[in-house]
$ cat data.cif   # mmCIF, C-alpha atoms
data_protein
loop_
_atom_site.label_atom_id
_atom_site.label_comp_id
_atom_site.auth_asym_id
_atom_site.auth_seq_id
_atom_site.Cartn_x
_atom_site.Cartn_y
_atom_site.Cartn_z
CA GLU A 54 98.06 93.68 82.09
CA ALA A 55 96.17 94.95 85.12
CA ALA A 56 96.68 92.49 87.95
CA VAL A 57 93.87 93.72 90.19
CA THR A 58 90.57 94.63 88.59
CA GLN A 59 87.35 95.87 90.12
CA SER A 60 83.79 95.93 88.89
CA PRO A 61 81.77 97.97 88.54
CA ARG A 62 83.89 101.10 88.30
CA ASN A 63 80.91 103.29 89.10
CA LYS A 64 77.67 102.39 90.84
CA VAL A 65 74.56 104.27 91.89
CA ALA A 66 72.40 102.46 94.43
CA VAL A 67 69.28 103.24 96.40
CA THR A 68 69.05 103.26 100.16
CA GLY A 69 68.14 99.81 101.42
CA GLY A 70 69.27 98.07 98.28
CA LYS A 71 71.90 95.37 98.03
CA VAL A 72 75.24 96.20 96.44
CA THR A 73 78.02 93.80 95.52
CA LEU A 74 81.47 95.05 94.60
CA SER A 75 83.75 92.55 92.93
CA CYS A 76 87.51 92.24 92.83
CA ASN A 77 89.71 89.90 90.83
CA GLN A 78 93.47 89.46 91.08
CA THR A 79 95.88 87.54 88.89
CA ASN A 80 98.88 87.97 91.21
CA ASN A 81 98.22 84.62 92.93
CA HIS A 82 98.41 86.43 96.26
CA ASN A 83 97.01 84.85 99.37
CA ASN A 84 95.85 88.07 100.99
CA MET A 85 93.20 90.44 99.72
CA TYR A 86 91.80 93.62 101.22
CA TRP A 87 88.88 96.01 100.89
CA TYR A 88 89.32 99.67 101.81
CA ARG A 89 87.21 102.75 101.53
CA GLN A 90 88.59 106.19 100.81
CA ASP A 91 86.89 109.28 102.15
CA THR A 92 88.16 112.83 102.23
CA GLY A 93 90.01 113.46 105.48
CA HIS A 94 90.15 109.80 106.43
CA GLY A 95 92.67 108.18 104.15
CA LEU A 96 92.12 104.51 103.36
CA ARG A 97 90.30 102.55 106.02
CA LEU A 98 90.30 98.77 106.11
CA ILE A 99 86.86 97.14 105.92
CA HIS A 100 87.55 93.42 105.49
CA TYR A 101 90.47 91.27 104.47
CA SER A 102 91.17 87.66 103.66
CA TYR A 103 94.09 85.26 104.02
CA GLY A 104 92.88 82.90 101.32
CA ALA A 105 89.90 81.19 99.76
CA GLY A 106 87.14 80.69 102.28
CA SER A 107 88.53 83.12 104.85
CA THR A 108 87.33 86.60 105.73
CA GLU A 109 88.43 88.82 108.60
CA LYS A 110 87.03 92.05 109.98
CA GLY A 111 89.08 95.17 109.51
CA ASP A 112 88.70 98.48 111.30
CA ILE A 113 85.24 99.44 109.99
CA PRO A 114 83.32 96.25 109.14
CA ASP A 115 79.85 97.34 110.27
CA GLY A 116 77.34 97.30 107.42
CA TYR A 117 79.61 95.23 105.17
CA LYS A 118 80.13 91.56 104.47
CA ALA A 119 82.89 89.94 102.46
CA SER A 120 83.20 86.75 100.48
CA ARG A 121 86.32 84.99 99.18
CA PRO A 122 85.16 82.06 97.07
CA SER A 123 88.51 81.54 95.37
CA GLN A 124 92.12 82.69 95.40
CA GLU A 125 91.34 85.19 92.65
CA ASN A 126 88.06 86.72 93.77
CA PHE A 127 87.06 88.80 96.77
CA SER A 128 83.68 90.52 97.00
CA LEU A 129 82.36 93.24 99.27
CA ILE A 130 78.64 93.10 99.98
CA LEU A 131 76.41 95.84 101.28
CA GLU A 132 73.18 94.08 102.23
CA LEU A 133 71.28 97.27 103.05
CA ALA A 134 73.08 100.21 101.51
CA THR A 135 72.96 103.58 103.29
CA PRO A 136 74.01 107.07 102.11
CA SER A 137 76.89 106.97 104.63
CA GLN A 138 78.42 104.20 102.52
CA THR A 139 78.87 106.57 99.59
CA SER A 140 82.60 106.42 99.00
CA VAL A 141 85.39 105.18 96.79
CA TYR A 142 86.25 101.55 97.42
CA PHE A 143 89.63 100.01 96.71
CA CYS A 144 90.54 96.37 96.56
CA ALA A 145 94.12 95.22 97.02
CA SER A 146 96.10 92.00 97.06
CA GLY A 147 99.34 91.19 98.83
CA ASP A 148 101.45 88.23 99.87
CA ALA A 149 102.76 88.98 103.33
CA ASN A 150 102.99 86.15 105.78
CA TRP A 151 101.89 86.49 109.36
CA GLY A 152 104.94 87.79 111.17
CA GLY A 153 106.73 88.40 107.91
CA GLY A 154 108.72 91.51 107.31
CA GLN A 155 107.36 92.86 104.08
CA ASP A 156 104.09 93.45 102.33
CA THR A 157 103.58 95.44 99.18
CA GLN A 158 99.93 95.78 98.33
CA TYR A 159 98.71 95.97 94.75
CA PHE A 160 95.57 98.01 94.26
CA GLY A 161 92.70 98.01 91.84
CA PRO A 162 91.52 101.25 90.19
CA GLY A 163 88.68 101.80 92.64
CA THR A 164 84.88 101.78 92.53
CA ARG A 165 82.88 104.95 93.04
CA LEU A 166 79.67 104.14 94.90
CA LEU A 167 76.86 106.65 95.35
CA VAL A 168 73.98 105.65 97.58
CA LEU A 169 70.93 107.86 97.16
CA GLY B 227 96.93 101.96 118.06
CA ASP B 228 99.21 102.21 115.07
CA SER B 229 98.65 105.30 112.94
CA VAL B 230 100.13 107.55 110.31
CA THR B 231 99.75 111.33 110.12
CA GLN B 232 100.08 113.47 107.03
CA THR B 233 99.55 117.10 107.93
CA GLU B 234 99.19 118.60 104.46
CA GLY B 235 96.06 117.85 102.49
CA GLN B 236 97.34 119.61 99.39
CA VAL B 237 100.68 120.96 98.27
CA THR B 238 101.34 123.15 95.22
CA VAL B 239 104.88 123.34 93.88
CA SER B 240 106.33 124.98 90.81
CA GLU B 241 107.96 122.73 88.25
CA SER B 242 111.68 122.08 88.90
CA LYS B 243 111.38 123.13 92.53
CA SER B 244 112.00 120.86 95.51
CA LEU B 245 109.32 118.99 97.40
CA ILE B 246 108.84 117.63 100.88
CA ILE B 247 105.68 115.85 102.03
CA ASN B 248 105.55 115.19 105.75
CA CYS B 249 104.68 111.88 107.37
CA THR B 250 104.94 110.88 111.01
CA TYR B 251 103.92 107.60 112.54
CA SER B 252 102.92 106.08 115.82
CA ALA B 253 103.44 102.37 116.33
CA THR B 254 102.28 100.91 119.61
CA SER B 255 102.28 97.24 118.62
CA ILE B 256 105.86 97.14 117.40
CA ALA B 257 108.78 99.52 117.78
CA TYR B 258 109.94 99.44 114.17
CA PRO B 259 107.14 98.98 111.66
CA ASN B 260 107.60 98.76 107.92
CA LEU B 261 106.98 102.08 106.18
CA PHE B 262 105.68 102.75 102.68
CA TRP B 263 104.86 105.55 100.28
CA TYR B 264 102.15 104.90 97.70
CA VAL B 265 101.08 107.17 94.86
CA ARG B 266 97.72 107.42 93.12
CA TYR B 267 97.56 109.03 89.71
CA PRO B 268 94.18 110.29 88.45
CA GLY B 269 91.89 107.44 87.47
CA GLU B 270 94.22 104.76 88.77
CA GLY B 271 94.65 102.71 91.91
CA LEU B 272 97.41 103.20 94.42
CA GLN B 273 100.81 101.88 93.47
CA LEU B 274 103.88 101.43 95.59
CA LEU B 275 106.41 104.23 95.27
CA LEU B 276 108.96 103.08 97.82
CA LYS B 277 109.27 101.17 101.06
CA VAL B 278 111.75 100.86 103.91
CA ILE B 279 111.66 98.10 106.47
CA THR B 280 114.78 98.95 108.47
CA ALA B 281 115.05 101.98 110.73
CA GLY B 282 117.76 104.36 109.58
CA GLN B 283 117.60 103.28 105.97
CA LYS B 284 116.60 105.34 102.95
CA GLY B 285 114.32 104.25 100.15
CA SER B 286 114.29 105.81 96.70
CA SER B 287 112.36 105.52 93.47
CA ARG B 288 111.68 107.73 90.43
CA GLY B 289 113.70 110.55 91.97
CA PHE B 290 111.77 110.42 95.26
CA GLU B 291 113.39 109.42 98.51
CA ALA B 292 112.40 108.93 102.12
CA THR B 293 114.44 108.15 105.22
CA TYR B 294 113.10 106.04 108.07
CA ASN B 295 113.89 108.14 111.16
CA LYS B 296 113.08 106.29 114.35
CA GLU B 297 114.17 109.16 116.60
CA THR B 298 111.62 111.56 115.18
CA THR B 299 109.22 108.78 114.04
CA SER B 300 109.12 110.36 110.61
CA PHE B 301 109.23 109.19 107.01
CA HIS B 302 109.07 112.38 104.94
CA LEU B 303 108.97 112.13 101.17
CA GLN B 304 111.35 114.36 99.24
CA LYS B 305 112.25 115.15 95.66
CA ALA B 306 114.85 117.63 94.49
CA SER B 307 113.09 118.72 91.30
CA VAL B 308 109.43 117.95 90.59
CA GLN B 309 107.76 117.62 87.20
CA GLU B 310 104.16 118.10 86.14
CA SER B 311 103.85 114.34 85.76
CA ASP B 312 104.42 114.00 89.52
CA SER B 313 101.02 115.54 90.17
CA ALA B 314 99.14 112.87 92.12
CA VAL B 315 98.00 111.93 95.61
CA TYR B 316 100.69 110.50 97.89
CA TYR B 317 99.92 108.20 100.81
CA CYS B 318 102.21 107.27 103.65
CA ALA B 319 101.52 103.84 105.19
CA LEU B 320 102.69 101.69 108.03
CA ARG B 321 102.65 97.95 108.49
CA PRO B 322 103.23 96.56 111.95
CA ASN B 323 105.14 93.28 111.90
CA SER B 324 102.35 91.68 113.90
CA GLY B 325 99.82 91.91 111.08
CA THR B 326 99.42 91.75 107.32
CA TYR B 327 97.30 94.86 107.02
CA GLN B 328 98.55 98.42 106.53
CA ARG B 329 97.51 101.72 108.04
CA PHE B 330 97.34 104.66 105.69
CA GLY B 331 97.61 108.38 106.15
CA THR B 332 94.97 110.75 104.79
CA GLY B 333 96.95 111.45 101.64
CA THR B 334 98.60 114.60 100.28
CA LYS B 335 97.56 115.89 96.89
CA LEU B 336 100.52 117.28 94.98
CA GLN B 337 99.88 119.78 92.23
CA VAL B 338 102.88 120.76 90.15
CA VAL B 339 102.37 123.98 88.20
CA PRO B 340 104.41 125.30 85.26
#
$ encode --input "data.cif" --output "structure tokens"
Amino acid sequence: EAAVTQSPRNKVAVTGGKVTLSCNQTNNHNNMYWYRQDTGHGLRLIHYSYGAGSTEKGDIPDGYKASRPSQENFSLILELATPSQTSVYFCASGDANWGGGQDTQYFGPGTRLLVL
Amino acid sequence: GDSVTQTEGQVTVSESKSLIINCTYSATSIAYPNLFWYVRYPGEGLQLLLKVITAGQKGSSRGFEATYNKETTSFHLQKASVQESDSAVYYCALRPNSGTYQRFGTGTKLQVVP
């Protein structure tokens, strides 16, 4: 049973359109993360959350919003999509505590987004 | 800031040969971060391969191993004999103890050929 799922798996959007990427986890983890993966850049953190109702900015938050309405769900929102946001997006969950010593992250399969 | 460097974008190895994928780290917020290797098989998300949270220790999984070397700030991934099923992208990652997020390297694509 996949513990972190993402939808859609593939998305084509138009410049200026709104895009919502969804993530669901059944791990009961407090923390959730959104990354994007681009060639030559590795995974870069966009937004993360410590629990329902919380969102925090990661390293590259500009142009993105996040929403965590429940423990299980974490969405990434592109209000005005641009071609530079064409990428593969990964969601992850984890249960590290602030100041804790360990954190394994569990990833979804990724969403391929193409903005034309 | 904290960062991870993987110098090889792609590595091709013949089946049954040995493998080393290089990873070095820089941690400014904490002297001894937690270190991880993740693997991504085609069509799947990243999954944890191994992790080490104590400097000087070795982690191992599925025949892979990596030693946390604080002197050289390295965490190279090694395997004595690779198989075709090991073909995947491997990511080195760092987690400073001051945060819950992780920093990832650019990934190394391993292709194992017969």
$ resolve_selection --input "data.cif" --expression "the PyMOL selection byres ((chain B) within 10 of (chain A))" --output "ChimeraX atom specification"
/B:230-232,235,259-262,264,266-274,276-280,317-319,321-334
$ resolve_selection --input "data.cif" --expression "the PyMOL selection byres ((chain B and resi 300) around 10)" --output "list in words"
Val230, Thr231, Asn248, Cys249, Thr250, Tyr251, Ser252, Leu261, Ala292, Thr293, Tyr294, Asn295, Lys296, Glu297, Thr298, Thr299, Phe301, His302 and Leu303 of chain B
$ write_last_selection --input "data.cif" --atoms "C-alpha atoms" --output "CSV table (one decimal), in the coordinates of the input"
chain,number,residue,atom,x,y,z
B,230,VAL,CA,100.1,107.6,110.3
B,231,THR,CA,99.8,111.3,110.1
B,248,ASN,CA,105.6,115.2,105.8
B,249,CYS,CA,104.7,111.9,107.4
B,250,THR,CA,104.9,110.9,111.0
B,251,TYR,CA,103.9,107.6,112.5
B,252,SER,CA,102.9,106.1,115.8
B,261,LEU,CA,107.0,102.1,106.2
B,292,ALA,CA,112.4,108.9,102.1
B,293,THR,CA,114.4,108.2,105.2
B,294,TYR,CA,113.1,106.0,108.1
B,295,ASN,CA,113.9,108.1,111.2
B,296,LYS,CA,113.1,106.3,114.4
B,297,GLU,CA,114.2,109.2,116.6
B,298,THR,CA,111.6,111.6,115.2
B,299,THR,CA,109.2,108.8,114.0
B,301,PHE,CA,109.2,109.2,107.0
B,302,HIS,CA,109.1,112.4,104.9
B,303,LEU,CA,109.0,112.1,101.2
$ resolve_selection --input "data.cif" --expression "the PyMOL selection byres ((chain A and resi 71) around 9)" --output "list in words"
Ala66, Val67, Thr68, Gly69, Gly70, Val72, Thr73, Ile130, Leu131, Glu132, Leu133 and Ala134 of chain A
$ residues_around --input "data.cif" --residues "Ser128 in chain A" --least-positions-apart "5" --cutoff "10 Å" --atoms "all atoms listed in the file" --output "PDB file with C-alpha atoms, in the frame of the given file"
ATOM      1  CA  GLN A  59      87.350  95.870  90.120  1.00  0.00           C
ATOM      2  CA  SER A  60      83.790  95.930  88.890  1.00  0.00           C
ATOM      3  CA  THR A  73      78.020  93.800  95.520  1.00  0.00           C
ATOM      4  CA  LEU A  74      81.470  95.050  94.600  1.00  0.00           C
ATOM      5  CA  SER A  75      83.750  92.550  92.930  1.00  0.00           C
ATOM      6  CA  CYS A  76      87.510  92.240  92.830  1.00  0.00           C
ATOM      7  CA  ASN A  77      89.710  89.900  90.830  1.00  0.00           C
ATOM      8  CA  MET A  85      93.200  90.440  99.720  1.00  0.00           C
ATOM      9  CA  TYR A  86      91.800  93.620 101.220  1.00  0.00           C
ATOM     10  CA  TRP A  87      88.880  96.010 100.890  1.00  0.00           C
ATOM     11  CA  HIS A 100      87.550  93.420 105.490  1.00  0.00           C
ATOM     12  CA  LYS A 118      80.130  91.560 104.470  1.00  0.00           C
ATOM     13  CA  ALA A 119      82.890  89.940 102.460  1.00  0.00           C
ATOM     14  CA  SER A 120      83.200  86.750 100.480  1.00  0.00           C
ATOM     15  CA  ARG A 121      86.320  84.990  99.180  1.00  0.00           C
ATOM     16  CA  PRO A 122      85.160  82.060  97.070  1.00  0.00           C
ATOM     17  CA  CYS A 144      90.540  96.370  96.560  1.00  0.00           C
TER      18      CYS A 144
END
$ atom_distance --input "data.cif" --atom1 "CA of Pro340 in chain B" --atom2 "CA of Lys305 in chain B"
16.5 Å
$ atom_distance --input "data.cif" --atom1 "CA of Asp115 in chain A" --atom2 "CA of His82 in chain A"
25.7 Å
$ residues_near_point --input "data.cif" --point "(112.3, 113.9, 94.3)" --cutoff "6 Å" --atoms "only C-alpha atoms" --output "ChimeraX atom specification"
/B:289-290,304-307
$ atom_distance --input "data.cif" --atom1 "CA of Lys110 in chain A" --atom2 "CA of Thr79 in chain A"
23.3 Å
$ closest_residue --input "data.cif" --among "B:Val265, B:Val308, B:Leu275, B:Val339" --to "Ser242 in chain B" --atoms "only C-alpha atoms"
B:Val308
$ closest_residue --input "data.cif" --among "A:Asn126, A:Asn81, A:Ser140, A:Ser146" --to "Lys64 in chain A" --atoms "only C-alpha atoms"
A:Ser140
$ axis_aligned_box --input "data.cif" --around "range 74-80 of chain A" --padding-each-side "8 Å" --output "JSON"
{"center_x": 90.2, "center_y": 91.3, "center_z": 91.7, "size_x": 33.4, "size_y": 23.5, "size_z": 21.7}
$ closest_residue --input "data.cif" --among "A:Tyr142, A:Thr135, A:Phe127, A:Ala56" --to "Gly106 in chain A" --atoms "all atoms listed in the file"
A:Phe127
$ closest_residue --input "data.cif" --among "B:Ile246, B:Val237, B:Ala281, B:Ala253" --to "Ser313 in chain B" --atoms "all atoms listed in the file"
B:Val237
$ closest_residue --input "data.cif" --among "A:Ala105, A:Ile99, A:Val65, A:Leu169" --to "Glu125 in chain A" --atoms "all atoms listed in the file"
A:Ala105
$ closest_residue --input "data.cif" --among "B:Thr254, B:Gln236, B:Ser244, B:Gln309" --to "Val338 in chain B" --atoms "only C-alpha atoms"
B:Gln309
$ decode --input "data.cif" --residues "range 84-99 of chain A" --atoms "all heavy atoms" --output "PDB file, in the first residue's frame"
ATOM      1  N   ASN A  84       4.964  16.035   9.653  1.00  0.00           N
ATOM      2  CA  ASN A  84       5.625  16.920   8.693  1.00  0.00           C
ATOM      3  C   ASN A  84       5.403  16.467   7.264  1.00  0.00           C
ATOM      4  O   ASN A  84       5.440  15.266   6.960  1.00  0.00           O
ATOM      5  CB  ASN A  84       7.132  16.951   8.966  1.00  0.00           C
ATOM      6  CG  ASN A  84       7.455  17.366  10.383  1.00  0.00           C
ATOM      7  OD1 ASN A  84       6.712  18.109  10.997  1.00  0.00           O
ATOM      8  ND2 ASN A  84       8.557  16.873  10.903  1.00  0.00           N
ATOM      9  N   MET A  85       5.170  17.446   6.399  1.00  0.00           N
ATOM     10  CA  MET A  85       5.055  17.164   4.974  1.00  0.00           C
ATOM     11  C   MET A  85       5.832  18.216   4.197  1.00  0.00           C
ATOM     12  O   MET A  85       6.019  19.347   4.671  1.00  0.00           O
ATOM     13  CB  MET A  85       3.584  17.121   4.533  1.00  0.00           C
ATOM     14  CG  MET A  85       2.790  15.993   5.171  1.00  0.00           C
ATOM     15  SD  MET A  85       1.119  15.811   4.530  1.00  0.00           S
ATOM     16  CE  MET A  85       1.425  15.091   2.901  1.00  0.00           C
ATOM     17  N   TYR A  86       6.277  17.833   3.002  1.00  0.00           N
ATOM     18  CA  TYR A  86       7.200  18.661   2.234  1.00  0.00           C
ATOM     19  C   TYR A  86       6.822  18.636   0.759  1.00  0.00           C
ATOM     20  O   TYR A  86       6.357  17.623   0.245  1.00  0.00           O
ATOM     21  CB  TYR A  86       8.632  18.121   2.369  1.00  0.00           C
ATOM     22  CG  TYR A  86       9.084  17.872   3.787  1.00  0.00           C
ATOM     23  CD1 TYR A  86       8.771  16.685   4.442  1.00  0.00           C
ATOM     24  CD2 TYR A  86       9.840  18.815   4.470  1.00  0.00           C
ATOM     25  CE1 TYR A  86       9.184  16.450   5.741  1.00  0.00           C
ATOM     26  CE2 TYR A  86      10.267  18.596   5.771  1.00  0.00           C
ATOM     27  CZ  TYR A  86       9.934  17.412   6.402  1.00  0.00           C
ATOM     28  OH  TYR A  86      10.339  17.181   7.693  1.00  0.00           O
ATOM     29  N   TRP A  87       7.097  19.745   0.086  1.00  0.00           N
ATOM     30  CA  TRP A  87       7.019  19.795  -1.377  1.00  0.00           C
ATOM     31  C   TRP A  87       8.384  20.185  -1.917  1.00  0.00           C
ATOM     32  O   TRP A  87       8.982  21.178  -1.483  1.00  0.00           O
ATOM     33  CB  TRP A  87       5.994  20.822  -1.856  1.00  0.00           C
ATOM     34  CG  TRP A  87       4.603  20.295  -1.927  1.00  0.00           C
ATOM     35  CD1 TRP A  87       3.569  20.583  -1.094  1.00  0.00           C
ATOM     36  CD2 TRP A  87       4.088  19.390  -2.915  1.00  0.00           C
ATOM     37  NE1 TRP A  87       2.435  19.913  -1.491  1.00  0.00           N
ATOM     38  CE2 TRP A  87       2.720  19.168  -2.607  1.00  0.00           C
ATOM     39  CE3 TRP A  87       4.630  18.747  -4.018  1.00  0.00           C
ATOM     40  CZ2 TRP A  87       1.901  18.336  -3.354  1.00  0.00           C
ATOM     41  CZ3 TRP A  87       3.821  17.912  -4.765  1.00  0.00           C
ATOM     42  CH2 TRP A  87       2.468  17.716  -4.433  1.00  0.00           C
ATOM     43  N   TYR A  88       8.870  19.385  -2.885  1.00  0.00           N
ATOM     44  CA  TYR A  88      10.126  19.647  -3.561  1.00  0.00           C
ATOM     45  C   TYR A  88       9.878  19.721  -5.068  1.00  0.00           C
ATOM     46  O   TYR A  88       8.928  19.147  -5.584  1.00  0.00           O
ATOM     47  CB  TYR A  88      11.124  18.497  -3.345  1.00  0.00           C
ATOM     48  CG  TYR A  88      11.574  18.244  -1.941  1.00  0.00           C
ATOM     49  CD1 TYR A  88      10.869  17.375  -1.111  1.00  0.00           C
ATOM     50  CD2 TYR A  88      12.736  18.830  -1.447  1.00  0.00           C
ATOM     51  CE1 TYR A  88      11.305  17.116   0.175  1.00  0.00           C
ATOM     52  CE2 TYR A  88      13.183  18.566  -0.161  1.00  0.00           C
ATOM     53  CZ  TYR A  88      12.458  17.710   0.642  1.00  0.00           C
ATOM     54  OH  TYR A  88      12.890  17.446   1.918  1.00  0.00           O
ATOM     55  N   ARG A  89      10.802  20.365  -5.749  1.00  0.00           N
ATOM     56  CA  ARG A  89      10.842  20.217  -7.192  1.00  0.00           C
ATOM     57  C   ARG A  89      12.201  19.687  -7.597  1.00  0.00           C
ATOM     58  O   ARG A  89      13.218  19.982  -6.945  1.00  0.00           O
ATOM     59  CB  ARG A  89      10.518  21.522  -7.930  1.00  0.00           C
ATOM     60  CG  ARG A  89      11.445  22.679  -7.701  1.00  0.00           C
ATOM     61  CD  ARG A  89      11.032  23.903  -8.522  1.00  0.00           C
ATOM     62  NE  ARG A  89      11.370  23.771  -9.930  1.00  0.00           N
ATOM     63  CZ  ARG A  89      11.056  24.681 -10.867  1.00  0.00           C
ATOM     64  NH1 ARG A  89      10.391  25.778 -10.529  1.00  0.00           N
ATOM     65  NH2 ARG A  89      11.409  24.494 -12.124  1.00  0.00           N
ATOM     66  N   GLN A  90      12.185  18.899  -8.667  1.00  0.00           N
ATOM     67  CA  GLN A  90      13.402  18.254  -9.154  1.00  0.00           C
ATOM     68  C   GLN A  90      13.685  18.727 -10.565  1.00  0.00           C
ATOM     69  O   GLN A  90      12.876  18.522 -11.472  1.00  0.00           O
ATOM     70  CB  GLN A  90      13.210  16.733  -9.126  1.00  0.00           C
ATOM     71  CG  GLN A  90      14.146  15.964 -10.052  1.00  0.00           C
ATOM     72  CD  GLN A  90      15.500  15.762  -9.463  1.00  0.00           C
ATOM     73  OE1 GLN A  90      15.691  14.910  -8.609  1.00  0.00           O
ATOM     74  NE2 GLN A  90      16.469  16.552  -9.879  1.00  0.00           N
ATOM     75  N   ASP A  91      14.818  19.366 -10.739  1.00  0.00           N
ATOM     76  CA  ASP A  91      15.239  19.827 -12.056  1.00  0.00           C
ATOM     77  C   ASP A  91      16.654  19.318 -12.316  1.00  0.00           C
ATOM     78  O   ASP A  91      17.470  19.230 -11.388  1.00  0.00           O
ATOM     79  CB  ASP A  91      15.233  21.362 -12.119  1.00  0.00           C
ATOM     80  CG  ASP A  91      13.877  21.946 -11.811  1.00  0.00           C
ATOM     81  OD1 ASP A  91      12.990  21.797 -12.668  1.00  0.00           O
ATOM     82  OD2 ASP A  91      13.693  22.530 -10.730  1.00  0.00           O
ATOM     83  N   THR A  92      16.920  19.024 -13.550  1.00  0.00           N
ATOM     84  CA  THR A  92      18.247  18.535 -13.924  1.00  0.00           C
ATOM     85  C   THR A  92      19.308  19.520 -13.459  1.00  0.00           C
ATOM     86  O   THR A  92      19.214  20.719 -13.710  1.00  0.00           O
ATOM     87  CB  THR A  92      18.337  18.348 -15.445  1.00  0.00           C
ATOM     88  OG1 THR A  92      17.312  17.438 -15.852  1.00  0.00           O
ATOM     89  CG2 THR A  92      19.699  17.788 -15.826  1.00  0.00           C
ATOM     90  N   GLY A  93      20.313  18.992 -12.769  1.00  0.00           N
ATOM     91  CA  GLY A  93      21.417  19.828 -12.304  1.00  0.00           C
ATOM     92  C   GLY A  93      21.162  20.541 -10.999  1.00  0.00           C
ATOM     93  O   GLY A  93      22.048  21.229 -10.486  1.00  0.00           O
ATOM     94  N   HIS A  94      19.977  20.386 -10.443  1.00  0.00           N
ATOM     95  CA  HIS A  94      19.652  21.079  -9.197  1.00  0.00           C
ATOM     96  C   HIS A  94      19.289  20.144  -8.044  1.00  0.00           C
ATOM     97  O   HIS A  94      19.128  20.603  -6.924  1.00  0.00           O
ATOM     98  CB  HIS A  94      18.491  22.047  -9.398  1.00  0.00           C
ATOM     99  CG  HIS A  94      18.869  23.299 -10.122  1.00  0.00           C
ATOM    100  ND1 HIS A  94      19.515  24.365  -9.507  1.00  0.00           N
ATOM    101  CD2 HIS A  94      18.731  23.656 -11.411  1.00  0.00           C
ATOM    102  CE1 HIS A  94      19.721  25.309 -10.395  1.00  0.00           C
ATOM    103  NE2 HIS A  94      19.265  24.921 -11.563  1.00  0.00           N
ATOM    104  N   GLY A  95      19.133  18.880  -8.297  1.00  0.00           N
ATOM    105  CA  GLY A  95      18.685  18.029  -7.205  1.00  0.00           C
ATOM    106  C   GLY A  95      17.285  18.396  -6.780  1.00  0.00           C
ATOM    107  O   GLY A  95      16.527  19.033  -7.519  1.00  0.00           O
ATOM    108  N   LEU A  96      16.907  18.010  -5.572  1.00  0.00           N
ATOM    109  CA  LEU A  96      15.590  18.354  -5.035  1.00  0.00           C
ATOM    110  C   LEU A  96      15.705  19.647  -4.247  1.00  0.00           C
ATOM    111  O   LEU A  96      16.563  19.769  -3.369  1.00  0.00           O
ATOM    112  CB  LEU A  96      15.084  17.248  -4.107  1.00  0.00           C
ATOM    113  CG  LEU A  96      14.374  16.082  -4.775  1.00  0.00           C
ATOM    114  CD1 LEU A  96      15.377  15.180  -5.448  1.00  0.00           C
ATOM    115  CD2 LEU A  96      13.554  15.312  -3.766  1.00  0.00           C
ATOM    116  N   ARG A  97      14.820  20.576  -4.546  1.00  0.00           N
ATOM    117  CA  ARG A  97      14.819  21.845  -3.834  1.00  0.00           C
ATOM    118  C   ARG A  97      13.497  22.014  -3.107  1.00  0.00           C
ATOM    119  O   ARG A  97      12.434  21.799  -3.666  1.00  0.00           O
ATOM    120  CB  ARG A  97      15.046  23.006  -4.816  1.00  0.00           C
ATOM    121  CG  ARG A  97      16.438  23.025  -5.405  1.00  0.00           C
ATOM    122  CD  ARG A  97      16.635  24.207  -6.339  1.00  0.00           C
ATOM    123  NE  ARG A  97      15.887  24.054  -7.579  1.00  0.00           N
ATOM    124  CZ  ARG A  97      15.788  24.997  -8.507  1.00  0.00           C
ATOM    125  NH1 ARG A  97      16.369  26.180  -8.319  1.00  0.00           N
ATOM    126  NH2 ARG A  97      15.107  24.785  -9.615  1.00  0.00           N
ATOM    127  N   LEU A  98      13.586  22.438  -1.856  1.00  0.00           N
ATOM    128  CA  LEU A  98      12.427  22.526  -0.980  1.00  0.00           C
ATOM    129  C   LEU A  98      11.627  23.788  -1.272  1.00  0.00           C
ATOM    130  O   LEU A  98      12.169  24.892  -1.235  1.00  0.00           O
ATOM    131  CB  LEU A  98      12.893  22.508   0.477  1.00  0.00           C
ATOM    132  CG  LEU A  98      11.829  22.536   1.545  1.00  0.00           C
ATOM    133  CD1 LEU A  98      10.979  21.271   1.489  1.00  0.00           C
ATOM    134  CD2 LEU A  98      12.473  22.689   2.913  1.00  0.00           C
ATOM    135  N   ILE A  99      10.324  23.616  -1.526  1.00  0.00           N
ATOM    136  CA  ILE A  99       9.461  24.748  -1.858  1.00  0.00           C
ATOM    137  C   ILE A  99       8.692  25.224  -0.619  1.00  0.00           C
ATOM    138  O   ILE A  99       8.777  26.374  -0.217  1.00  0.00           O
ATOM    139  CB  ILE A  99       8.458  24.362  -2.969  1.00  0.00           C
ATOM    140  CG1 ILE A  99       9.188  23.791  -4.178  1.00  0.00           C
ATOM    141  CG2 ILE A  99       7.623  25.583  -3.371  1.00  0.00           C
ATOM    142  CD1 ILE A  99       8.259  23.183  -5.215  1.00  0.00           C
TER     143      ILE A  99
END
